[in-house]
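Next up, model.cif (mmCIF, N, CA and C atoms):
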```cif
data_upload
loop_
_atom_site.label_atom_id
_atom_site.label_comp_id
_atom_site.auth_asym_id
_atom_site.auth_seq_id
_atom_site.Cartn_x
_atom_site.Cartn_y
_atom_site.Cartn_z
N MET A 1 120.52 218.98 296.08
CA MET A 1 120.00 217.90 295.27
C MET A 1 118.59 218.25 294.82
N LEU A 2 118.35 218.21 293.54
CA LEU A 2 117.03 218.50 292.99
C LEU A 2 116.24 217.21 292.85
N THR A 3 114.97 217.30 293.17
CA THR A 3 114.10 216.15 292.97
C THR A 3 113.06 216.51 291.92
N THR A 4 112.73 215.57 291.12
CA THR A 4 111.69 215.82 290.12
C THR A 4 110.34 215.52 290.74
N PRO A 5 109.34 216.32 290.39
CA PRO A 5 108.01 216.05 290.94
C PRO A 5 107.48 214.71 290.46
N HIS A 6 106.68 214.10 291.30
CA HIS A 6 106.07 212.81 290.96
C HIS A 6 105.11 213.01 289.79
N LYS A 7 105.32 212.25 288.74
CA LYS A 7 104.42 212.28 287.61
C LYS A 7 103.22 211.41 287.96
N ARG A 8 102.04 212.01 287.98
CA ARG A 8 100.84 211.28 288.34
C ARG A 8 100.49 210.24 287.28
N THR A 9 99.97 209.12 287.77
CA THR A 9 99.50 208.05 286.90
C THR A 9 98.06 207.73 287.26
N VAL A 10 97.42 206.93 286.45
CA VAL A 10 96.04 206.50 286.72
C VAL A 10 95.96 205.80 288.08
N GLN A 11 97.01 205.07 288.45
CA GLN A 11 97.02 204.35 289.72
C GLN A 11 96.99 205.31 290.92
N ASP A 12 97.34 206.58 290.72
CA ASP A 12 97.26 207.58 291.79
C ASP A 12 95.83 208.04 292.02
N PHE A 13 94.90 207.60 291.17
CA PHE A 13 93.50 208.01 291.26
C PHE A 13 92.58 206.80 291.29
N PRO A 14 92.54 206.11 292.43
CA PRO A 14 91.65 204.94 292.52
C PRO A 14 90.17 205.36 292.45
N THR A 15 89.33 204.40 292.19
CA THR A 15 87.89 204.64 292.13
C THR A 15 87.42 205.38 293.36
N ALA A 16 86.53 206.34 293.16
CA ALA A 16 85.89 207.17 294.19
C ALA A 16 86.79 208.27 294.73
N THR A 17 87.95 208.49 294.12
CA THR A 17 88.78 209.63 294.50
C THR A 17 88.11 210.91 294.02
N LEU A 18 88.04 211.88 294.90
CA LEU A 18 87.53 213.19 294.52
C LEU A 18 88.67 214.00 293.93
N ALA A 19 88.39 214.68 292.82
CA ALA A 19 89.42 215.46 292.15
C ALA A 19 88.80 216.70 291.51
N LEU A 20 89.66 217.64 291.18
CA LEU A 20 89.25 218.80 290.41
C LEU A 20 89.77 218.61 288.99
N ALA A 21 88.94 218.94 288.02
CA ALA A 21 89.34 218.84 286.62
C ALA A 21 88.45 219.76 285.79
N ALA A 22 88.90 220.02 284.59
CA ALA A 22 88.14 220.88 283.67
C ALA A 22 87.59 220.01 282.54
N PRO A 23 86.28 219.76 282.54
CA PRO A 23 85.70 218.92 281.50
C PRO A 23 85.68 219.63 280.15
N TRP A 24 85.46 218.84 279.13
CA TRP A 24 85.36 219.36 277.77
C TRP A 24 83.91 219.34 277.32
N PHE A 25 83.52 220.37 276.57
CA PHE A 25 82.17 220.43 276.01
C PHE A 25 82.28 221.06 274.63
N ARG A 26 81.94 220.30 273.61
CA ARG A 26 81.98 220.78 272.22
C ARG A 26 83.32 221.43 271.88
N ALA A 27 84.39 220.71 272.16
CA ALA A 27 85.77 221.10 271.83
C ALA A 27 86.27 222.31 272.63
N HIS A 28 85.58 222.68 273.69
CA HIS A 28 86.02 223.77 274.56
C HIS A 28 86.15 223.24 275.98
N GLN A 29 87.23 223.62 276.62
CA GLN A 29 87.40 223.19 278.00
C GLN A 29 86.68 224.16 278.92
N LEU A 30 85.88 223.60 279.81
CA LEU A 30 85.10 224.40 280.76
C LEU A 30 85.93 224.71 282.00
N ASP A 31 85.36 225.48 282.90
CA ASP A 31 86.02 225.79 284.16
C ASP A 31 86.20 224.53 285.00
N THR A 32 87.18 224.56 285.86
CA THR A 32 87.47 223.44 286.76
C THR A 32 86.30 223.22 287.70
N ARG A 33 86.00 221.95 287.95
CA ARG A 33 84.91 221.58 288.87
C ARG A 33 85.23 220.24 289.51
N PRO A 34 84.50 219.88 290.57
CA PRO A 34 84.78 218.60 291.23
C PRO A 34 84.31 217.42 290.38
N ALA A 35 85.01 216.31 290.56
CA ALA A 35 84.69 215.08 289.84
C ALA A 35 85.00 213.89 290.74
N LEU A 36 84.39 212.77 290.41
CA LEU A 36 84.67 211.50 291.08
C LEU A 36 85.31 210.56 290.07
N VAL A 37 86.38 209.91 290.46
CA VAL A 37 87.02 208.96 289.58
C VAL A 37 86.17 207.69 289.54
N VAL A 38 85.80 207.28 288.33
CA VAL A 38 85.02 206.06 288.13
C VAL A 38 85.96 204.87 288.06
N GLY A 39 87.10 205.04 287.41
CA GLY A 39 88.08 203.97 287.28
C GLY A 39 88.96 204.20 286.08
N PRO A 40 89.85 203.25 285.81
CA PRO A 40 90.74 203.39 284.66
C PRO A 40 89.96 203.28 283.35
N PHE A 41 90.36 204.05 282.35
CA PHE A 41 89.74 203.99 281.04
C PHE A 41 90.02 202.61 280.45
N GLY A 42 88.97 201.91 280.08
CA GLY A 42 89.11 200.54 279.59
C GLY A 42 88.66 199.52 280.61
N GLY A 43 88.35 199.96 281.82
CA GLY A 43 87.87 199.07 282.85
C GLY A 43 88.96 198.55 283.76
N PRO A 44 88.57 197.86 284.83
CA PRO A 44 89.53 197.36 285.83
C PRO A 44 90.60 196.44 285.25
N GLU A 45 90.25 195.70 284.19
CA GLU A 45 91.23 194.79 283.61
C GLU A 45 92.38 195.54 282.92
N CYS A 46 92.20 196.83 282.68
CA CYS A 46 93.25 197.65 282.05
C CYS A 46 93.96 198.55 283.06
N ALA A 47 93.73 198.33 284.34
CA ALA A 47 94.24 199.24 285.37
C ALA A 47 95.75 199.43 285.32
N ASP A 48 96.49 198.37 285.03
CA ASP A 48 97.95 198.49 285.05
C ASP A 48 98.52 199.28 283.88
N GLU A 49 97.85 199.23 282.72
CA GLU A 49 98.39 199.93 281.57
C GLU A 49 97.59 201.15 281.14
N ALA A 50 96.51 201.48 281.85
CA ALA A 50 95.67 202.62 281.48
C ALA A 50 96.45 203.93 281.59
N THR A 51 96.22 204.80 280.61
CA THR A 51 96.85 206.12 280.63
C THR A 51 95.85 207.22 280.95
N MET A 52 94.57 206.85 281.00
CA MET A 52 93.52 207.81 281.32
C MET A 52 92.58 207.21 282.35
N ALA A 53 91.92 208.08 283.08
CA ALA A 53 90.91 207.66 284.05
C ALA A 53 89.56 208.23 283.62
N VAL A 54 88.51 207.46 283.83
CA VAL A 54 87.16 207.94 283.57
C VAL A 54 86.72 208.69 284.83
N VAL A 55 86.24 209.91 284.64
CA VAL A 55 85.77 210.71 285.77
C VAL A 55 84.33 211.14 285.52
N TRP A 56 83.60 211.29 286.60
CA TRP A 56 82.22 211.75 286.54
C TRP A 56 82.17 213.13 287.15
N PHE A 57 81.79 214.11 286.36
CA PHE A 57 81.59 215.48 286.85
C PHE A 57 80.17 215.54 287.41
N PHE A 58 80.03 215.17 288.67
CA PHE A 58 78.71 214.98 289.28
C PHE A 58 77.92 216.27 289.38
N THR A 59 78.55 217.42 289.31
CA THR A 59 77.80 218.68 289.34
C THR A 59 77.16 218.98 287.98
N MET A 60 77.49 218.19 286.96
CA MET A 60 76.92 218.37 285.63
C MET A 60 75.74 217.43 285.38
N GLY A 61 75.32 216.71 286.42
CA GLY A 61 74.17 215.83 286.28
C GLY A 61 74.51 214.37 286.41
N ALA A 62 73.53 213.54 286.10
CA ALA A 62 73.68 212.09 286.19
C ALA A 62 74.79 211.62 285.25
N PRO A 63 75.42 210.48 285.58
CA PRO A 63 76.48 209.96 284.72
C PRO A 63 75.97 209.64 283.31
N GLU A 64 76.56 210.26 282.32
CA GLU A 64 76.23 210.02 280.91
C GLU A 64 77.53 210.10 280.12
N PRO A 65 77.90 209.03 279.41
CA PRO A 65 79.13 209.05 278.63
C PRO A 65 79.18 210.24 277.67
N GLY A 66 80.32 210.91 277.64
CA GLY A 66 80.52 212.04 276.76
C GLY A 66 80.05 213.36 277.33
N GLY A 67 79.13 213.33 278.25
CA GLY A 67 78.65 214.56 278.88
C GLY A 67 79.31 214.75 280.22
N SER A 68 78.74 214.13 281.23
CA SER A 68 79.29 214.26 282.58
C SER A 68 80.33 213.19 282.87
N LEU A 69 80.46 212.18 282.01
CA LEU A 69 81.50 211.15 282.14
C LEU A 69 82.53 211.36 281.03
N GLN A 70 83.78 211.57 281.42
CA GLN A 70 84.82 211.81 280.43
C GLN A 70 86.11 211.13 280.85
N ALA A 71 86.91 210.78 279.87
CA ALA A 71 88.25 210.24 280.13
C ALA A 71 89.21 211.42 280.25
N MET A 72 90.02 211.39 281.30
CA MET A 72 90.97 212.48 281.55
C MET A 72 92.35 211.88 281.81
N PHE A 73 93.38 212.61 281.40
CA PHE A 73 94.75 212.21 281.72
C PHE A 73 95.03 212.55 283.18
N PRO A 74 95.86 211.78 283.85
CA PRO A 74 96.17 212.05 285.26
C PRO A 74 96.71 213.46 285.51
N HIS A 75 97.47 214.00 284.58
CA HIS A 75 98.00 215.36 284.80
C HIS A 75 96.89 216.41 284.74
N GLU A 76 95.69 216.04 284.26
CA GLU A 76 94.56 216.97 284.23
C GLU A 76 93.75 216.94 285.53
N LEU A 77 94.09 216.02 286.42
CA LEU A 77 93.35 215.84 287.67
C LEU A 77 94.16 216.33 288.86
N THR A 78 93.48 217.02 289.76
CA THR A 78 94.08 217.44 291.02
C THR A 78 93.28 216.82 292.15
N PRO A 79 93.88 215.95 292.97
CA PRO A 79 93.12 215.31 294.04
C PRO A 79 92.59 216.33 295.05
N ILE A 80 91.41 216.05 295.56
CA ILE A 80 90.80 216.88 296.61
C ILE A 80 90.94 216.14 297.93
N ASP A 81 91.26 216.86 298.97
CA ASP A 81 91.43 216.26 300.29
C ASP A 81 90.07 216.12 300.96
N ASP A 82 89.24 215.26 300.39
CA ASP A 82 87.91 214.97 300.92
C ASP A 82 87.53 213.59 300.42
N THR A 83 86.53 212.98 301.04
CA THR A 83 86.09 211.65 300.63
C THR A 83 84.57 211.61 300.58
N LEU A 84 84.04 210.52 300.07
CA LEU A 84 82.59 210.36 300.06
C LEU A 84 82.00 210.37 301.46
N THR A 85 82.76 209.91 302.43
CA THR A 85 82.22 209.87 303.80
C THR A 85 82.37 211.20 304.52
N THR A 86 83.26 212.07 304.06
CA THR A 86 83.45 213.34 304.76
C THR A 86 82.89 214.55 304.01
N MET A 87 82.50 214.36 302.76
CA MET A 87 82.00 215.49 301.97
C MET A 87 80.67 215.99 302.53
N HIS A 88 80.26 217.16 302.10
CA HIS A 88 79.01 217.76 302.57
C HIS A 88 77.84 216.81 302.31
N GLU A 89 76.98 216.69 303.29
CA GLU A 89 75.87 215.74 303.24
C GLU A 89 74.95 215.95 302.03
N ASP A 90 74.62 217.20 301.72
CA ASP A 90 73.73 217.46 300.58
C ASP A 90 74.38 217.06 299.25
N THR A 91 75.66 217.29 299.13
CA THR A 91 76.37 216.90 297.91
C THR A 91 76.37 215.39 297.78
N PHE A 92 76.61 214.69 298.90
CA PHE A 92 76.59 213.23 298.86
C PHE A 92 75.21 212.72 298.44
N ARG A 93 74.15 213.31 298.98
CA ARG A 93 72.79 212.90 298.60
C ARG A 93 72.56 213.10 297.11
N ASP A 94 73.04 214.23 296.57
CA ASP A 94 72.89 214.48 295.13
C ASP A 94 73.61 213.41 294.31
N ILE A 95 74.78 213.00 294.77
CA ILE A 95 75.53 211.95 294.08
C ILE A 95 74.73 210.65 294.07
N VAL A 96 74.18 210.29 295.21
CA VAL A 96 73.39 209.05 295.31
C VAL A 96 72.19 209.12 294.35
N ARG A 97 71.48 210.23 294.35
CA ARG A 97 70.31 210.38 293.48
C ARG A 97 70.71 210.31 292.00
N SER A 98 71.78 210.97 291.66
CA SER A 98 72.22 211.00 290.27
C SER A 98 72.68 209.64 289.79
N LEU A 99 73.29 208.85 290.66
CA LEU A 99 73.73 207.51 290.27
C LEU A 99 72.55 206.67 289.81
N ARG A 100 71.42 206.83 290.45
CA ARG A 100 70.24 206.05 290.09
C ARG A 100 69.74 206.39 288.69
N ARG A 101 69.94 207.64 288.27
CA ARG A 101 69.43 208.08 286.97
C ARG A 101 70.44 207.92 285.84
N GLY A 102 71.68 207.71 286.16
CA GLY A 102 72.72 207.70 285.14
C GLY A 102 72.99 206.35 284.53
N ARG A 103 73.94 206.38 283.59
CA ARG A 103 74.38 205.13 282.96
C ARG A 103 75.87 205.26 282.66
N PHE A 104 76.53 204.12 282.69
CA PHE A 104 77.95 204.05 282.42
C PHE A 104 78.17 203.16 281.21
N ALA A 105 79.14 203.51 280.39
CA ALA A 105 79.49 202.66 279.26
C ALA A 105 80.17 201.40 279.79
N TYR A 106 79.86 200.28 279.21
CA TYR A 106 80.51 199.01 279.54
C TYR A 106 80.43 198.65 281.01
N ASP A 107 79.41 199.13 281.70
CA ASP A 107 79.23 198.84 283.12
C ASP A 107 80.45 199.24 283.97
N ASP A 108 81.14 200.30 283.56
CA ASP A 108 82.31 200.77 284.31
C ASP A 108 81.98 201.35 285.68
N GLY A 109 80.72 201.60 285.96
CA GLY A 109 80.36 202.26 287.21
C GLY A 109 80.16 201.35 288.40
N GLY A 110 80.33 200.05 288.24
CA GLY A 110 80.09 199.11 289.34
C GLY A 110 80.93 199.39 290.57
N ALA A 111 82.22 199.62 290.39
CA ALA A 111 83.10 199.87 291.53
C ALA A 111 82.75 201.19 292.22
N LEU A 112 82.36 202.20 291.44
CA LEU A 112 81.97 203.48 292.05
C LEU A 112 80.68 203.31 292.85
N CYS A 113 79.72 202.59 292.30
CA CYS A 113 78.47 202.34 293.04
C CYS A 113 78.75 201.60 294.34
N ASP A 114 79.65 200.62 294.30
CA ASP A 114 80.03 199.90 295.52
C ASP A 114 80.65 200.86 296.54
N ALA A 115 81.51 201.76 296.07
CA ALA A 115 82.15 202.73 296.98
C ALA A 115 81.12 203.67 297.59
N VAL A 116 80.13 204.07 296.81
CA VAL A 116 79.07 204.95 297.33
C VAL A 116 78.24 204.20 298.36
N ARG A 117 77.95 202.92 298.10
CA ARG A 117 77.20 202.13 299.10
C ARG A 117 77.98 202.00 300.40
N ARG A 118 79.30 201.76 300.30
CA ARG A 118 80.13 201.68 301.52
C ARG A 118 80.11 203.01 302.27
N ALA A 119 80.22 204.11 301.54
CA ALA A 119 80.20 205.43 302.17
C ALA A 119 78.84 205.69 302.82
N TRP A 120 77.77 205.25 302.17
CA TRP A 120 76.42 205.41 302.72
C TRP A 120 76.35 204.72 304.09
N ARG A 121 76.84 203.48 304.13
CA ARG A 121 76.81 202.73 305.40
C ARG A 121 77.67 203.41 306.46
N GLU A 122 78.85 203.87 306.08
CA GLU A 122 79.72 204.55 307.04
C GLU A 122 79.07 205.83 307.56
N ARG A 123 78.50 206.60 306.66
CA ARG A 123 77.86 207.86 307.06
C ARG A 123 76.68 207.61 307.99
N ALA A 124 75.96 206.51 307.75
CA ALA A 124 74.79 206.19 308.56
C ALA A 124 75.16 205.43 309.83
N GLY A 125 76.42 204.98 309.92
CA GLY A 125 76.84 204.22 311.08
C GLY A 125 76.23 202.83 311.12
N LEU A 126 75.93 202.29 309.97
CA LEU A 126 75.30 200.98 309.89
C LEU A 126 76.30 199.91 309.51
N ALA A 127 76.17 198.76 310.15
CA ALA A 127 77.03 197.63 309.79
C ALA A 127 76.47 196.93 308.56
N ASP A 128 75.15 196.86 308.46
CA ASP A 128 74.51 196.20 307.33
C ASP A 128 73.39 197.09 306.83
N ALA A 129 73.60 197.70 305.68
CA ALA A 129 72.60 198.62 305.15
C ALA A 129 72.16 198.18 303.76
N ASP A 130 71.34 197.14 303.71
CA ASP A 130 70.88 196.64 302.42
C ASP A 130 70.09 197.70 301.66
N SER A 131 69.44 198.60 302.38
CA SER A 131 68.65 199.62 301.69
C SER A 131 69.54 200.55 300.88
N ALA A 132 70.80 200.67 301.22
CA ALA A 132 71.70 201.53 300.46
C ALA A 132 71.82 201.03 299.02
N ALA A 133 71.75 199.74 298.82
CA ALA A 133 71.85 199.19 297.47
C ALA A 133 70.69 199.69 296.60
N ARG A 134 69.52 199.84 297.19
CA ARG A 134 68.37 200.34 296.42
C ARG A 134 68.61 201.78 295.99
N HIS A 135 69.25 202.57 296.83
CA HIS A 135 69.44 203.98 296.54
C HIS A 135 70.52 204.26 295.52
N THR A 136 71.44 203.32 295.30
CA THR A 136 72.52 203.56 294.35
C THR A 136 72.45 202.64 293.14
N ARG A 137 71.40 201.86 293.03
CA ARG A 137 71.29 200.93 291.91
C ARG A 137 71.12 201.72 290.63
N ARG A 138 71.88 201.32 289.60
CA ARG A 138 71.81 201.98 288.31
C ARG A 138 70.77 201.31 287.44
N HIS A 139 70.16 202.10 286.61
CA HIS A 139 69.21 201.58 285.63
C HIS A 139 69.79 201.88 284.26
N ASN A 140 70.34 200.87 283.62
CA ASN A 140 70.96 201.06 282.30
C ASN A 140 69.97 200.82 281.19
#
```
Structure encoded using structure tokens:
Amino acid sequence: MLTTPHKRTVQDFPTATLALAAPWFRAHQLDTRPALVVGPFGGPECADEATMAVVWFFTMGAPEPGGSLQAMFPHELTPIDDTLTTMHEDTFRDIVRSLRRGRFAYDDGGALCDAVRRAWRERAGLADADSAARHTRRHN
């Protein structure tokens, strides 16, 4: 009996999922690099019918629409077996710093910022870490 492989959908990539993807720059696809899923293209209200996910290529700098933030089809994403709480500490710190400097279109980054704050608290072993909010607050 043959089984067909699972066709990935946007719902397979919830906010804060780490993935590998190849971003586009001036009509050329770059090499594959790590990215964080920001959410479904069109925002949370479009989650059920979205065909693309917004991803942030955090190694390309602070979140900026069109540059380090791009919409990708699910088949272009490969999940990474790592999380914000288990990833390398220096990489996580870079993500936190970059979030403060970046901007998201239509305030799509709220859920990702919340996920980073939760990961910050988990990594620090804190039950209540109000200071984490200061470190991940976006300035639009």
Please provide the set of residues having any atom within 8 Å of A:Met52, restricted to only C-alpha atoms, with same-chain residues fewer than 5 positions apart removed, written as a list in words. Val10, Pro40, Phe41, Ala71, Met72, Phe73 and Pro74 of chain A
I need the output of the PyMOL selection byres ((chain A and resi 101) around 6) for this file as a ChimeraX atom specification; which residues are they? /A:62-63,97-100,102-103,138-139
Go ahead and write the selection's residues with N, CA and C atoms as a compact mmCIF listing (two decimals), keeping the file's coordinate frame.
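File written: again-v6.txt
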```txt
# COMPACT_ATOMS: atom_id res chain seq x y z
N ALA A 62 73.53 213.54 286.10
CA ALA A 62 73.68 212.09 286.19
C ALA A 62 74.79 211.62 285.25
N PRO A 63 75.42 210.48 285.58
CA PRO A 63 76.48 209.96 284.72
C PRO A 63 75.97 209.64 283.31
N ARG A 97 71.48 210.23 294.35
CA ARG A 97 70.31 210.38 293.48
C ARG A 97 70.71 210.31 292.00
N SER A 98 71.78 210.97 291.66
CA SER A 98 72.22 211.00 290.27
C SER A 98 72.68 209.64 289.79
N LEU A 99 73.29 208.85 290.66
CA LEU A 99 73.73 207.51 290.27
C LEU A 99 72.55 206.67 289.81
N ARG A 100 71.42 206.83 290.45
CA ARG A 100 70.24 206.05 290.09
C ARG A 100 69.74 206.39 288.69
N GLY A 102 71.68 207.71 286.16
CA GLY A 102 72.72 207.70 285.14
C GLY A 102 72.99 206.35 284.53
N ARG A 103 73.94 206.38 283.59
CA ARG A 103 74.38 205.13 282.96
C ARG A 103 75.87 205.26 282.66
N ARG A 138 71.88 201.32 289.60
CA ARG A 138 71.81 201.98 288.31
C ARG A 138 70.77 201.31 287.44
N HIS A 139 70.16 202.10 286.61
CA HIS A 139 69.21 201.58 285.63
C HIS A 139 69.79 201.88 284.26
```
Hits of the PyMOL selection byres (((chain A and resi 9 and name CA) around 8) and name CA) in this structure, as number ranges by chain: A: 7-8, 10-13, 51, 74-75
Box for stretch 64-68 of chain A - axis-aligned, 4 Å on each of the six sides, all listed atoms - centre and size in Å to one decimal, as JSON.
```
{"center_x": 78.4, "center_y": 211.9, "center_z": 279.8, "size_x": 12.3, "size_y": 13.7, "size_z": 14.1}
```
List as a PyMOL selection string the protein and nucleic acid residues near A:Ala115, meaning an atom at most 9 Å away when only C-alpha atoms are counted, but skip any in the same chain fewer than 6 places from it. chain A and resi 15-16+84
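Candidate residues A:Asp48, A:Leu77, A:Gly66, A:Trp56 were compared for distance to A:Ala21, and the nearest is A:Leu77, using all atoms listed in the file.
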Could you tell me, as a PyMOL selection string, which residues of stretch 59-107 of chain A DSSP assigns to strand (DSSP E) when given the backbone? chain A and resi 69-72+78-79
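Put simply, atom CA of A:Ala19 is 5.2 Å away from atom CA of A:Thr78.
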Pick out the residues sitting within 12 Å of A:Glu89, and hand them over as a PyMOL selection string; count only C-alpha atoms, and ignore anything fewer than 4 positions along from it in its own chain. chain A and resi 83-85+93-96+119-120+123-124
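Here atom CA of A:Leu126 is placed at a distance of 26.5 Å from atom CA of A:Asp108.
Atom to atom, atom CA of A:Thr59 and atom CA of A:His88 stand 13.3 Å apart.
On the backbone of this structure, DSSP gives alpha helix (DSSP H) within stretch 35-115 of chain A to A:Glu89, A:Asp90, A:Thr91, A:Phe92, A:Arg93, A:Asp94, A:Ile95, A:Val96, A:Arg97, A:Ser98, A:Leu99, A:Arg100, A:Arg101, A:Gly110, A:Ala111, A:Leu112, A:Cys113, A:Asp114, A:Ala115.
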Name the residues, using the chain letters and numbers of the file, that sit within 8 Å of (88.4, 218.1, 297.7) when counting all atoms listed in the file, and give them as a ChimeraX atom specification. /A:18-20,34,78-83
Please complete stretch 50-65 of chain A so it has N, CA, C and O atoms, and hand it over as a short mmCIF file (atom, residue, chain, number, x, y, z; two decimals), keeping the file's coordinate frame.
```cif
data_model
loop_
_atom_site.label_atom_id
_atom_site.label_comp_id
_atom_site.auth_asym_id
_atom_site.auth_seq_id
_atom_site.Cartn_x
_atom_site.Cartn_y
_atom_site.Cartn_z
N ALA A 50 96.51 201.48 281.85
CA ALA A 50 95.67 202.62 281.48
C ALA A 50 96.45 203.93 281.59
O ALA A 50 97.22 204.14 282.52
N THR A 51 96.22 204.80 280.61
CA THR A 51 96.85 206.12 280.63
C THR A 51 95.85 207.22 280.95
O THR A 51 96.23 208.37 281.13
N MET A 52 94.57 206.85 281.00
CA MET A 52 93.52 207.81 281.32
C MET A 52 92.58 207.21 282.35
O MET A 52 92.46 205.99 282.45
N ALA A 53 91.92 208.08 283.08
CA ALA A 53 90.91 207.66 284.05
C ALA A 53 89.56 208.23 283.62
O ALA A 53 89.48 209.35 283.09
N VAL A 54 88.51 207.46 283.83
CA VAL A 54 87.16 207.94 283.57
C VAL A 54 86.72 208.69 284.83
O VAL A 54 86.83 208.17 285.95
N VAL A 55 86.24 209.91 284.64
CA VAL A 55 85.77 210.71 285.77
C VAL A 55 84.33 211.14 285.52
O VAL A 55 83.91 211.31 284.37
N TRP A 56 83.60 211.29 286.60
CA TRP A 56 82.22 211.75 286.54
C TRP A 56 82.17 213.13 287.15
O TRP A 56 82.48 213.31 288.34
N PHE A 57 81.79 214.11 286.36
CA PHE A 57 81.59 215.48 286.85
C PHE A 57 80.17 215.54 287.41
O PHE A 57 79.22 215.89 286.70
N PHE A 58 80.03 215.17 288.67
CA PHE A 58 78.71 214.98 289.28
C PHE A 58 77.92 216.27 289.38
O PHE A 58 76.70 216.23 289.49
N THR A 59 78.55 217.42 289.31
CA THR A 59 77.80 218.68 289.34
C THR A 59 77.16 218.98 287.98
O THR A 59 76.35 219.90 287.87
N MET A 60 77.49 218.19 286.96
CA MET A 60 76.92 218.37 285.63
C MET A 60 75.74 217.43 285.38
O MET A 60 75.23 217.36 284.27
N GLY A 61 75.32 216.71 286.42
CA GLY A 61 74.17 215.83 286.28
C GLY A 61 74.51 214.37 286.41
O GLY A 61 75.63 214.00 286.76
N ALA A 62 73.53 213.54 286.10
CA ALA A 62 73.68 212.09 286.19
C ALA A 62 74.79 211.62 285.25
O ALA A 62 75.07 212.27 284.24
N PRO A 63 75.42 210.48 285.58
CA PRO A 63 76.48 209.96 284.72
C PRO A 63 75.97 209.64 283.31
O PRO A 63 75.04 208.86 283.17
N GLU A 64 76.56 210.26 282.32
CA GLU A 64 76.23 210.02 280.91
C GLU A 64 77.53 210.10 280.12
O GLU A 64 78.20 211.13 280.14
N PRO A 65 77.90 209.03 279.41
CA PRO A 65 79.13 209.05 278.63
C PRO A 65 79.18 210.24 277.67
O PRO A 65 78.20 210.56 277.01
#
```
